[in-house]
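**Student:** Here you go, this is input.cif (mmCIF, C-alpha atoms (C1' of nucleotides)).
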data_protein
loop_
_atom_site.label_atom_id
_atom_site.label_comp_id
_atom_site.auth_asym_id
_atom_site.auth_seq_id
_atom_site.Cartn_x
_atom_site.Cartn_y
_atom_site.Cartn_z
CA MET O 1 42.06 132.71 -173.47
CA ASN O 2 44.07 135.03 -175.61
CA HIS O 3 46.18 134.48 -178.65
CA PRO O 4 49.85 134.08 -178.01
CA GLN O 5 51.51 137.49 -178.18
CA PRO O 6 55.06 138.39 -179.09
CA GLY O 7 56.99 138.34 -175.86
CA CYS O 8 54.18 136.41 -174.22
CA PRO O 9 54.84 132.80 -175.13
CA HIS O 10 52.47 129.90 -174.65
CA PRO O 11 52.33 128.38 -171.23
CA ARG O 12 54.56 125.34 -171.05
CA SER O 13 51.85 122.76 -171.34
CA LEU O 14 51.90 119.00 -171.14
CA PHE O 15 49.81 119.02 -174.32
CA HIS O 16 49.82 121.01 -177.51
CA ALA O 17 47.81 124.17 -177.91
CA PRO O 18 45.08 122.66 -180.11
CA THR O 19 44.46 120.01 -177.45
CA ARG O 20 43.82 122.67 -174.84
CA TYR O 21 41.58 124.57 -177.22
CA ALA O 22 39.68 121.36 -177.91
CA LEU O 23 39.01 120.86 -174.21
CA GLN O 24 37.94 124.43 -173.74
CA ALA O 25 35.58 124.21 -176.69
CA LEU O 26 34.10 120.88 -175.56
CA VAL O 27 33.46 122.24 -172.08
CA ARG O 28 31.27 124.90 -173.63
CA MET O 29 29.24 122.59 -175.80
CA PRO O 30 25.52 122.49 -174.98
CA GLY O 31 24.32 119.34 -173.26
CA ASP O 32 20.83 119.39 -174.77
CA GLY O 33 21.66 118.07 -178.23
CA THR O 34 21.45 121.42 -179.97
CA TYR O 35 24.09 122.50 -182.48
CA ARG O 36 26.51 125.26 -181.71
CA LEU O 37 28.33 127.38 -184.30
CA ALA O 38 32.09 127.21 -184.55
CA ARG O 39 32.21 130.96 -185.11
CA ASN O 40 30.15 131.62 -182.02
CA LEU O 41 32.33 129.37 -179.89
CA ALA O 42 35.51 130.88 -181.32
CA ALA O 43 34.33 134.35 -180.35
CA GLU O 44 33.73 133.20 -176.78
CA LEU O 45 37.21 131.68 -176.58
CA ASP O 46 38.81 134.60 -178.43
CA LEU O 47 40.25 132.24 -181.01
CA PRO O 48 40.20 132.65 -184.79
CA GLY O 49 37.09 130.95 -186.17
CA PRO O 50 38.67 128.90 -188.94
CA PHE O 51 41.35 127.62 -186.59
CA LEU O 52 38.87 126.42 -184.02
CA ALA O 53 36.73 125.00 -186.81
CA LYS O 54 39.62 122.80 -187.82
CA ILE O 55 39.98 121.54 -184.28
CA LEU O 56 36.27 120.81 -184.11
CA GLN O 57 36.56 118.89 -187.36
CA THR O 58 39.28 116.74 -185.85
CA LEU O 59 37.00 116.01 -182.90
CA ALA O 60 34.21 115.18 -185.32
CA HIS O 61 36.44 112.66 -187.08
CA ALA O 62 37.13 111.10 -183.70
CA ASP O 63 33.40 110.68 -183.04
CA ILE O 64 33.44 113.11 -180.13
CA LEU O 65 31.51 115.77 -182.01
CA GLU O 66 29.15 115.57 -184.93
CA SER O 67 28.55 118.33 -187.42
CA LEU O 68 25.73 119.57 -189.55
CA ARG O 69 26.17 121.98 -192.44
CA GLY O 70 23.84 124.72 -193.46
CA PRO O 71 21.96 127.49 -191.73
CA THR O 72 20.72 125.42 -188.79
CA GLY O 73 24.00 123.53 -188.51
CA GLY O 74 27.02 123.59 -186.26
CA PHE O 75 28.63 121.07 -183.92
CA ARG O 76 27.28 119.05 -181.04
CA LEU O 77 28.50 116.27 -178.76
CA THR O 78 27.85 112.74 -179.98
CA ARG O 79 27.22 111.59 -176.40
CA ALA O 80 26.41 112.92 -172.99
CA PRO O 81 29.46 114.66 -171.50
CA GLU O 82 29.56 112.03 -168.74
CA ARG O 83 30.53 109.52 -171.39
CA ILE O 84 33.39 111.47 -172.94
CA THR O 85 36.72 111.13 -171.16
CA LEU O 86 39.66 113.49 -171.27
CA ARG O 87 41.82 110.62 -172.38
CA GLU O 88 39.65 110.19 -175.44
CA VAL O 89 39.99 113.86 -176.28
CA VAL O 90 43.75 113.88 -175.78
CA VAL O 91 44.20 110.80 -177.92
CA ALA O 92 42.03 112.33 -180.64
CA MET O 93 44.19 115.45 -180.68
CA GLU O 94 47.67 114.14 -179.87
CA GLY O 95 47.65 110.55 -181.02
CA PRO O 96 47.94 107.46 -178.86
CA GLU O 97 51.33 108.32 -177.35
CA PRO O 98 51.06 111.41 -175.17
CA PHE O 99 54.81 111.54 -174.66
CA GLU O 100 57.97 109.62 -175.24
CA ASP O 101 59.01 107.58 -172.26
CA CYS O 102 62.77 107.24 -172.09
CA LEU O 103 64.78 110.33 -171.25
CA LEU O 104 67.82 108.81 -172.89
CA GLY O 105 66.07 107.79 -176.07
CA HIS O 106 66.32 104.06 -175.42
CA ALA O 107 63.78 101.92 -177.20
CA VAL O 108 60.80 101.50 -174.90
CA GLY O 109 59.13 98.52 -176.52
CA GLY O 110 60.77 95.10 -176.32
CA GLY O 111 62.45 95.77 -173.00
CA GLY O 112 65.02 98.11 -174.54
CA CYS O 113 65.05 100.59 -171.68
CA HIS O 114 66.31 99.70 -168.20
CA CYS O 115 66.94 103.11 -166.73
CA PRO O 116 66.68 103.29 -162.95
CA ILE O 117 63.89 105.81 -163.44
CA ARG O 118 61.95 103.39 -165.61
CA PRO O 119 59.73 101.99 -162.81
CA ALA O 120 58.92 105.45 -161.48
CA TRP O 121 58.38 106.70 -164.98
CA ASP O 122 55.92 103.91 -165.69
CA VAL O 123 54.01 104.86 -162.54
CA LEU O 124 53.89 108.43 -163.77
CA GLN O 125 52.64 107.45 -167.19
CA THR O 126 50.02 105.12 -165.74
CA LEU O 127 48.84 107.80 -163.35
CA LEU O 128 48.52 110.30 -166.16
CA THR O 129 46.55 107.89 -168.31
CA THR O 130 44.20 106.80 -165.56
CA THR O 131 43.66 110.37 -164.42
CA LEU O 132 42.64 111.36 -167.91
CA ALA O 133 40.52 108.25 -168.34
CA ARG O 134 38.66 108.81 -165.06
CA THR O 135 37.79 112.42 -165.70
CA SER O 136 34.83 113.12 -167.94
CA LEU O 137 33.94 116.21 -169.85
CA ARG O 138 31.08 116.64 -167.43
CA ASP O 139 33.56 116.94 -164.56
CA LEU O 140 35.31 119.77 -166.36
CA GLN O 141 32.03 121.49 -167.12
CA VAL O 142 31.23 121.60 -163.43
CA ALA O 143 34.60 123.21 -162.79
CA GLN O 144 34.06 125.69 -165.58
CA ALA O 145 30.69 126.73 -164.17
CA HIS O 146 32.39 127.81 -160.94
CA HIS O 147 34.62 130.14 -162.90
CA GLY O 148 31.78 131.59 -164.91
CA PRO O 149 31.88 132.26 -168.64
CA PRO O 150 34.84 134.23 -170.01
CA GLU O 151 34.64 137.99 -170.02
CA ASP O 152 32.24 139.31 -172.65
CA PRO O 153 31.77 143.10 -172.55
CA ASP O 154 28.36 142.90 -174.25
CA ARG O 155 26.93 140.85 -171.41
CA SER O 156 28.86 142.07 -168.44
CA VAL O 157 25.97 143.92 -166.79
CA ALA O 158 22.94 141.73 -167.12
CA ALA O 159 22.15 138.92 -169.48
CA PRO O 160 18.82 137.18 -168.92
CA VAL O 161 19.70 133.96 -170.79
CA MET L 1 70.41 109.48 -181.61
CA ASN L 2 69.76 110.96 -185.01
CA HIS L 3 68.76 114.37 -186.21
CA PRO L 4 65.10 114.84 -186.84
CA GLN L 5 64.39 113.92 -190.45
CA PRO L 6 61.67 115.18 -192.76
CA GLY L 7 58.76 112.83 -192.35
CA CYS L 8 60.29 111.59 -189.10
CA PRO L 9 59.22 114.11 -186.46
CA HIS L 10 60.59 114.35 -182.99
CA PRO L 11 59.28 111.83 -180.52
CA ARG L 12 56.53 113.36 -178.45
CA SER L 13 58.56 114.11 -175.38
CA LEU L 14 57.67 115.54 -172.03
CA PHE L 15 60.65 117.87 -172.45
CA HIS L 16 62.15 119.86 -175.27
CA ALA L 17 64.81 118.44 -177.53
CA PRO L 18 67.73 120.38 -176.01
CA THR L 19 66.82 119.01 -172.59
CA ARG L 20 67.10 115.45 -173.83
CA TYR L 21 70.36 116.24 -175.57
CA ALA L 22 71.67 117.76 -172.35
CA LEU L 23 70.90 114.58 -170.42
CA GLN L 24 72.50 112.42 -173.06
CA ALA L 25 75.60 114.56 -173.07
CA LEU L 26 75.87 114.65 -169.29
CA VAL L 27 75.55 110.88 -169.07
CA ARG L 28 78.65 110.61 -171.23
CA MET L 29 80.75 113.03 -169.24
CA PRO L 30 83.86 111.52 -167.66
CA GLY L 31 83.73 111.06 -163.91
CA ASP L 32 87.45 111.58 -163.32
CA GLY L 33 87.58 115.35 -163.60
CA THR L 34 89.05 115.42 -167.09
CA TYR L 35 87.72 117.76 -169.74
CA ARG L 36 85.81 116.47 -172.71
CA LEU L 37 85.48 118.26 -176.05
CA ALA L 38 82.06 119.42 -177.21
CA ARG L 39 82.96 118.35 -180.74
CA ASN L 40 83.95 114.89 -179.59
CA LEU L 41 80.75 114.46 -177.60
CA ALA L 42 78.65 115.80 -180.46
CA ALA L 43 80.13 113.20 -182.82
CA GLU L 44 79.25 110.41 -180.40
CA LEU L 45 75.67 111.66 -180.13
CA ASP L 46 75.44 112.39 -183.86
CA LEU L 47 74.50 115.98 -183.14
CA PRO L 48 75.92 119.11 -184.76
CA GLY L 49 78.86 120.32 -182.72
CA PRO L 50 77.93 124.02 -182.40
CA PHE L 51 74.40 123.11 -181.35
CA LEU L 52 75.53 120.80 -178.60
CA ALA L 53 78.16 123.35 -177.60
CA LYS L 54 75.39 125.85 -176.95
CA ILE L 55 73.57 123.36 -174.77
CA LEU L 56 76.75 122.67 -172.82
CA GLN L 57 77.16 126.40 -172.32
CA THR L 58 73.70 126.59 -170.84
CA LEU L 59 74.62 123.81 -168.44
CA ALA L 60 77.81 125.65 -167.60
CA HIS L 61 75.84 128.78 -166.72
CA ALA L 62 73.72 126.62 -164.44
CA ASP L 63 76.80 125.37 -162.61
CA ILE L 64 76.32 121.80 -163.78
CA LEU L 65 79.30 121.89 -166.11
CA GLU L 66 82.42 124.01 -166.11
CA SER L 67 84.41 124.87 -169.17
CA LEU L 68 88.01 125.58 -170.02
CA ARG L 69 89.08 127.26 -173.23
CA GLY L 70 92.16 126.52 -175.22
CA PRO L 71 93.86 123.42 -176.56
CA THR L 72 93.53 121.36 -173.38
CA GLY L 73 90.05 122.63 -172.68
CA GLY L 74 86.54 121.30 -172.95
CA PHE L 75 83.75 120.68 -170.47
CA ARG L 76 83.56 118.68 -167.25
CA LEU L 77 81.08 118.13 -164.44
CA THR L 78 81.32 120.56 -161.56
CA ARG L 79 80.45 117.78 -159.10
CA ALA L 80 80.33 114.03 -158.85
CA PRO L 81 77.42 112.66 -160.89
CA GLU L 82 75.82 111.37 -157.69
CA ARG L 83 75.28 114.98 -156.69
CA ILE L 84 73.60 116.16 -159.88
CA THR L 85 69.87 115.49 -160.07
CA LEU L 86 67.74 115.24 -163.17
CA ARG L 87 65.51 117.90 -161.74
CA GLU L 88 68.44 120.29 -161.67
CA VAL L 89 69.19 119.57 -165.31
CA VAL L 90 65.58 119.95 -166.41
CA VAL L 91 65.24 123.24 -164.56
CA ALA L 92 68.46 124.48 -166.12
CA MET L 93 67.17 123.70 -169.60
CA GLU L 94 63.42 124.33 -169.32
CA GLY L 95 63.03 126.83 -166.54
CA PRO L 96 61.34 126.28 -163.19
CA GLU L 97 57.94 125.34 -164.58
CA PRO L 98 58.09 122.11 -166.53
CA PHE L 99 54.49 122.43 -167.66
CA GLU L 100 51.38 124.42 -167.13
CA ASP L 101 48.99 122.88 -164.70
CA CYS L 102 45.40 123.62 -165.60
CA LEU L 103 43.97 122.01 -168.70
CA LEU L 104 41.40 124.75 -168.96
CA GLY L 105 43.82 127.61 -168.56
CA HIS L 106 42.56 128.69 -165.16
CA ALA L 107 45.01 130.59 -163.04
CA VAL L 108 46.92 128.12 -160.90
CA GLY L 109 48.32 130.46 -158.29
CA GLY L 110 46.02 132.05 -155.75
CA GLY L 111 43.57 129.18 -155.75
CA GLY L 112 42.18 130.12 -159.17
CA CYS L 113 41.75 126.57 -160.39
CA HIS L 114 39.24 124.17 -158.83
CA CYS L 115 38.92 121.57 -161.56
CA PRO L 116 37.96 118.11 -160.34
CA ILE L 117 41.23 116.88 -161.79
CA ARG L 118 43.19 119.38 -159.75
CA PRO L 119 44.02 117.03 -156.82
CA ALA L 120 45.07 114.22 -159.14
CA TRP L 121 46.99 116.69 -161.26
CA ASP L 122 48.87 117.93 -158.23
CA VAL L 123 49.79 114.36 -157.37
CA LEU L 124 51.10 113.90 -160.88
CA GLN L 125 53.15 117.06 -160.77
CA THR L 126 54.59 116.19 -157.37
CA LEU L 127 55.45 112.70 -158.51
CA LEU L 128 57.21 114.04 -161.57
CA THR L 129 59.21 116.51 -159.55
CA THR L 130 60.22 114.04 -156.86
CA THR L 131 61.11 111.41 -159.43
CA LEU L 132 63.42 113.84 -161.16
CA ALA L 133 64.83 115.06 -157.86
CA ARG L 134 65.58 111.55 -156.62
CA THR L 135 67.36 110.39 -159.73
CA SER L 136 70.97 111.39 -160.12
CA LEU L 137 73.10 111.57 -163.19
CA ARG L 138 75.01 108.62 -161.78
CA ASP L 139 71.85 106.53 -161.91
CA LEU L 140 71.44 107.29 -165.57
CA GLN L 141 75.06 106.52 -166.27
CA VAL L 142 74.58 103.04 -164.85
CA ALA L 143 71.61 102.54 -167.15
CA GLN L 144 73.58 103.82 -170.09
CA ALA L 145 76.42 101.39 -169.42
CA HIS L 146 73.98 98.49 -169.79
CA HIS L 147 73.09 99.69 -173.24
CA GLY L 148 76.69 100.20 -174.26
CA PRO L 149 77.95 103.21 -176.19
CA PRO L 150 75.99 104.28 -179.25
CA GLU L 151 76.73 102.58 -182.53
CA ASP L 152 80.14 103.57 -183.88
CA PRO L 153 81.20 101.66 -186.97
CA ASP L 154 84.90 102.24 -186.31
CA ARG L 155 84.73 100.36 -183.05
CA SER L 156 82.08 97.78 -183.69
CA VAL L 157 84.44 94.78 -183.74
CA ALA L 158 86.84 95.27 -180.88
CA ALA L 159 87.64 98.30 -178.84
CA PRO L 160 90.18 97.79 -176.02
CA VAL L 161 89.32 100.76 -173.82
"C1'" DT T 1 15.66 126.70 -208.35
"C1'" DT T 2 18.43 130.25 -206.35
"C1'" DA T 3 20.46 132.61 -202.49
"C1'" DT T 4 22.28 132.03 -198.07
"C1'" DT T 5 24.56 129.84 -194.26
"C1'" DT T 6 27.26 126.56 -192.52
"C1'" DT T 7 31.02 122.94 -192.30
"C1'" DA T 8 35.08 120.64 -195.19
"C1'" DG T 9 39.52 120.73 -196.16
"C1'" DG T 10 43.54 121.98 -198.90
"C1'" DA T 11 46.88 125.79 -199.36
"C1'" DT T 12 49.28 129.46 -197.32
"C1'" DA T 13 51.26 132.56 -193.75
"C1'" DT T 14 53.14 133.41 -189.18
"C1'" DT T 15 55.43 132.29 -184.96
"C1'" DT T 16 58.23 129.50 -182.18
"C1'" DT T 17 61.65 126.13 -181.63
"C1'" DA T 18 65.58 123.89 -183.33
"C1'" DA T 19 69.80 124.08 -185.60
"C1'" DT T 20 73.72 126.47 -187.96
"C1'" DC T 21 77.15 129.87 -188.86
"C1'" DC T 22 80.84 132.92 -187.93
"C1'" DG T 23 83.71 136.23 -185.74
"C1'" DT T 24 85.63 136.96 -180.79
"C1'" DT T 25 87.87 135.67 -176.60
"C1'" DT T 26 90.79 132.77 -173.82
"C1'" DA T 27 94.22 129.41 -172.98
"C1'" DT T 28 98.04 126.59 -174.48
"C1'" DT T 29 102.10 125.54 -177.14
"C1'" DA T 30 106.00 126.46 -180.09
"C1'" DT J 1 105.53 136.61 -179.09
"C1'" DA J 2 103.04 134.19 -182.69
"C1'" DA J 3 100.25 130.32 -183.94
"C1'" DT J 4 96.83 127.16 -182.68
"C1'" DA J 5 92.86 125.16 -180.45
"C1'" DA J 6 89.16 125.48 -177.71
"C1'" DA J 7 84.79 127.72 -175.70
"C1'" DC J 8 81.82 132.08 -176.15
"C1'" DG J 9 77.98 134.23 -177.89
"C1'" DG J 10 75.45 137.01 -181.22
"C1'" DA J 11 73.34 136.57 -185.94
"C1'" DT J 12 71.31 133.79 -189.20
"C1'" DT J 13 68.81 129.85 -191.28
"C1'" DA J 14 65.74 125.76 -191.20
"C1'" DA J 15 62.04 123.09 -189.45
"C1'" DA J 16 57.97 122.41 -186.82
"C1'" DA J 17 53.96 124.03 -184.68
"C1'" DT J 18 50.47 127.33 -184.82
"C1'" DA J 19 47.29 130.17 -187.11
"C1'" DT J 20 44.91 132.05 -191.40
"C1'" DC J 21 42.85 132.11 -195.86
"C1'" DC J 22 40.04 130.68 -199.49
"C1'" DT J 23 37.20 127.78 -202.45
"C1'" DA J 24 34.12 123.75 -202.44
"C1'" DA J 25 30.30 121.06 -200.74
"C1'" DA J 26 26.09 120.47 -198.18
"C1'" DA J 27 21.90 121.89 -195.92
"C1'" DT J 28 18.30 125.24 -195.41
"C1'" DA J 29 15.04 128.73 -196.76
"C1'" DA J 30 12.91 131.97 -199.91
#
Rewrite the structure of this file - the entire thing - as C-alpha cells.
**Tutor:**
Amino acid sequence: MNHPQPGCPHPRSLFHAPTRYALQALVRMPGDGTYRLARNLAAELDLPGPFLAKILQTLAHADILESLRGPTGGFRLTRAPERITLREVVVAMEGPEPFEDCLLGHAVGGGGCHCPIRPAWDVLQTLLTTTLARTSLRDLQVAQAHHGPPEDPDRSVAAPV
Amino acid sequence: MNHPQPGCPHPRSLFHAPTRYALQALVRMPGDGTYRLARNLAAELDLPGPFLAKILQTLAHADILESLRGPTGGFRLTRAPERITLREVVVAMEGPEPFEDCLLGHAVGGGGCHCPIRPAWDVLQTLLTTTLARTSLRDLQVAQAHHGPPEDPDRSVAAPV
DNA sequence: TTATTTTAGGATATTTTAATCCGTTTATTA
DNA sequence: TAATAAACGGATTAAAATATCCTAAAATAA
C-alpha cells in the first residue's frame, strides 16, 4: 500500500481512496478489545499518520471505532468484527449513495428515469449493496491472514510475536 | 445538465464526468448521417463548447464519431446507434478497466486475491460489463425521447420540428 | 501538579481531475 | 485566391479530492 506517485495514478476504484484505507485499517484492528495507535497502523500501511488518523476519526464518529486519548489510548473496534459489515463502512466513508444511478442524469427518485438499462442497473445496485451488507470485517480479516502482513523489513526474518 | 457549482458537487457516479457527458452527447447525435456542431450540442447540454469538443475528439479517436472540419463540418456517428454499445463508449472514455477489483488492494491478476467477496465481486463486475455491452446507444436514445429534450426556454411553448 | 502521550479537528498544501483558452489546421465559400 | 468556419490539440486555469501540518484537548504517569 504505497502513496500515489507521479506517473503512477490511483487504481480506478469503485470507492474513494479514504474508503479503501479505512477497510485496510479496520482489517488490521485487534479483535481482543485492546487499543491500537493510529501512528502504528499508519506505519504498517505506509500511509501518513495524520491522514489515517482523520479516517479513523470518521470511523469513530460512525460508531465503528472508539478512541481513547492519552498514553494508553488509541483506537479499537466498538464490536466484534463479525458484526461490522462492509456496507456500514462504505456508508460511513462515502455517504448513503455509493454512486449515481442514471447514466443520462435523469432524476432517479419519483420515477424520473425510464432508461432501458434501468432494470439491469437496479439489479447491479442491489447486488452491490447486498454483497457489501453480507460481508463482515471478519471475512476480510480471514482473507488478509492468507496474504500475510505487509512487508516490514524489521521483521522479515523472524518475529516471535 | 448543469455545470458543477460550488457547494453542489458532482453526483457520485460510477464513471467520470466526461464519460457521462460523452453518453449524453452521443444520445443527441442525429441518426441520418448529418454532421452536428460541437458548439450546438454543447449549448443543448449546457456545457462549455471547447470542453465538449475535446470529449467528442476522444470519441472520434475511438472510432465512435467521425469529424469533418470547415463550414459544413461537425461530428457524426460512424455507425448506426444500434451498433454502438455503452461498453464501447465507457472503454473509450475510461480505459479498459472501469474499476479496481480488490477492496484490500490485493493483486487481482495471477490469483493474488482470495477475499471472501471475490466470487461475488466477480459476478458484479461481469454483470456490469455485460449490461454495458448489451445496451446500445439506440436504446438510450429511446429513453431520452421519453424525457423530451432538455429545457430550452426559447422553445418551451411550441416547437414545430 | 507537571510532563508526556495520545486523539481532535481546523487550516493548509499537494495532486488529480475537470474545464478553459488560444493558436493551428482543414475544408468550404465567395 | 482570400475570407470564413469548423475541428485539432497543446497550454493554461479552476475545482475537487487527497494528503499534510499544527495547535488544542484529554488521559496517563511521574
**Student:** Could you write out as a ChimeraX atom specification the residues that the PyMOL selection byres ((chain O and resi 80) around 10) matches in the shown file?
**Tutor:** /O:30-33,77-79,81-84,136-138
**Student:** Running the PyMOL selection byres ((chain J) within 9 of (chain O)) on this model by hand, what would come out? Give it as JSON, numbers by chain.
**Tutor:** {"J": [17, 18, 19, 20, 21, 26, 27, 28, 29]}
**Student:** What separation in Å, quoted to one decimal, exists between atom CA of L:Val91 and atom CA of O:Val90?
**Tutor:**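 Separation of atom CA of L:Val91 and atom CA of O:Val90: 26.0 Å.
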**Student:** Would you mind telling me which residue in L:Leu104, L:Arg134, L:Thr129, L:Phe75 lies nearest to chain O when using only C-alpha atoms?
**Tutor:**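 For chain O, the nearest of the candidates is L:Leu104.
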**Student:** So what does the PyMOL selection byres ((chain J and resi 15) around 9) actually pick up in this one, as number ranges by chain?
**Tutor:** L: 6; T: 17-19; J: 14, 16
**Student:** So how far away is atom CA of L:Pro98 from atom CA of O:Pro98, in Å?
**Tutor:** 15.4 Å
**Student:** Interatomic distance between atom CA of L:Leu59 and atom CA of L:Tyr21?
**Tutor:**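 Computed distance, atom CA of L:Leu59 to atom CA of L:Tyr21, equals 11.2 Å.
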**Student:** Kindly determine which residues of chain O lie within 7 Å of chain L, considering only C-alpha atoms, and give the answer as a PyMOL selection string.
**Tutor:** chain O and resi 11-14+20+23-24+98-100+103-104+114-117+120+124+127-128+131+135+139-140+143
